[in-house]
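Student: My structure is below; once you've seen it, I'll send some questions.
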Amino acid sequence: KGLGVSMEDLLSMPMASDIKFFFCDMNGVLVTPREGAIAEIAKHSELNVNRIESVLMRHMDLIDGNQMSLGDFNKLMQKELKWYGFDWHKLYMDNVQPLKPMQEVLKQVSKSIPVGILSNTVKGYIKELRANKVLPEISYAAIIDSSEIGAVKPDPKIYREAIKKAGVKPEEILFADDRQPNLVAAREQGWKTVLVDTFRPERAIDRIKQLGLLK
């Protein structure tokens, strides 16, 4: 109880030896979610934050899945948000920050087993974040970028591609994400999962400790 892990959780946990690959989501797990950019948009748009988020999320899968160019996405958002200064790349990169607790987890786990990123993201953003040292400077055994796969979580296609890149059995993968639908889809593929509360990740970290992946 002191660790924030229920007895049911403990009894259902696999042993560390069962986990041979660790995937982390990016937005909301390793870096701040898109809310910072949404708050910035709210300063310029006549729409409220909830409406902005609804409009943005309704179309985000199009650029994350590389079904629409960033330029066309900007034009669409400029029209819908009624703010013609909308520039998603600038909004995102100006507001994104590292989330240190889970970044430290990823660094520590990478010392014992291969790790990777599995993220819904715009083409080129992971590369840019690594170059800007916003993501951990470690060796990634696999980077699963939705814009390169042409599918976004929770589409089974992106998980199947991740399994291929990881080179292990589905049941040997542990995946940390901040959204339940993405974790449900992962479990349907046979993966182990950890739900991360973006700004209160202690329970997720405790669970990973219980798995023996952190010293």
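FYI, nothing fancy with the structure tokens labels: chains A, B, ... in order, residues from 1 per chain, ligands from 1 as they appear.
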Need to verify the contact set: region 47-63 of chain A, 8 Å, only C-alpha atoms, exclusion of same-chain residues closer than 4 positions in sequence. Can you return it as a ChimeraX atom specification?
Tutor: /A:38-39,41-42,67-70,73,77,80-81,120-123,147,152
Student: Distance table requested - region 90-167 of chain A against region 174-194 of chain A, cut-off 8 Å, only C-alpha atoms: one row per qualifying residue with the closest atom pair and its distance in Å to one decimal, ordered by chain and rising residue number, as a tab-separated table.
Tutor:
```
residue	atom	partner	partner_atom	distance
A:Lys153	CA	A:Asn182	CA	5.8
A:Pro154	CA	A:Asn182	CA	4.8
A:Asp155	CA	A:Ala185	CA	7.5
A:Pro156	CA	A:Ala185	CA	6.7
A:Tyr159	CA	A:Ala186	CA	6.7
A:Arg160	CA	A:Gln189	CA	7.8
```
Student: Would you write out those residues with C-alpha atoms, as a PDB file, in the first residue's frame?
Tutor:
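Saved as result_3.pdb:
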```pdb
ATOM      1  CA  LYS A 153      -2.200   4.488 -31.614  1.00  0.00           C
ATOM      2  CA  PRO A 154      -4.446   2.676 -30.869  1.00  0.00           C
ATOM      3  CA  ASP A 155      -4.400   1.215 -34.415  1.00  0.00           C
ATOM      4  CA  PRO A 156      -3.108  -2.392 -34.135  1.00  0.00           C
ATOM      5  CA  TYR A 159       1.868  -2.176 -32.347  1.00  0.00           C
ATOM      6  CA  ARG A 160       2.586  -4.942 -34.847  1.00  0.00           C
TER       7      ARG A 160
END
```
Student: Skipping near chain neighbours, those fewer than 6 positions away, what residues fall within 6 Å of region 93-107 of chain A using only C-alpha atoms, listed as a ChimeraX atom specification?
Tutor: /A:30-32,36-37,134
Student: Determine which residues of chain A receive a DSSP assignment of helix (DSSP H, G or I), computed from the backbone, and state them as JSON, numbers by chain.
Tutor: {"A": [7, 8, 9, 10, 11, 12, 16, 17, 18, 35, 36, 37, 38, 39, 40, 41, 42, 49, 50, 51, 52, 53, 54, 55, 56, 57, 58, 59, 60, 61, 62, 63, 64, 70, 71, 72, 73, 74, 75, 76, 77, 78, 79, 80, 81, 88, 89, 90, 91, 92, 93, 94, 95, 100, 101, 102, 103, 104, 105, 106, 107, 108, 109, 125, 126, 127, 128, 129, 130, 131, 146, 147, 148, 149, 156, 157, 158, 159, 160, 161, 162, 163, 164, 165, 166, 170, 171, 172, 180, 181, 182, 183, 184, 185, 186, 187, 188, 202, 203, 204, 205, 206, 207, 208, 209, 210]}
Student: Could you tell me how far CA of Ile143 (chain A) sits from CA of Lys127 (chain A), in Å to one decimal place?
Tutor: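 CA of Ile143 (chain A) lies 10.0 Å from CA of Lys127 (chain A).
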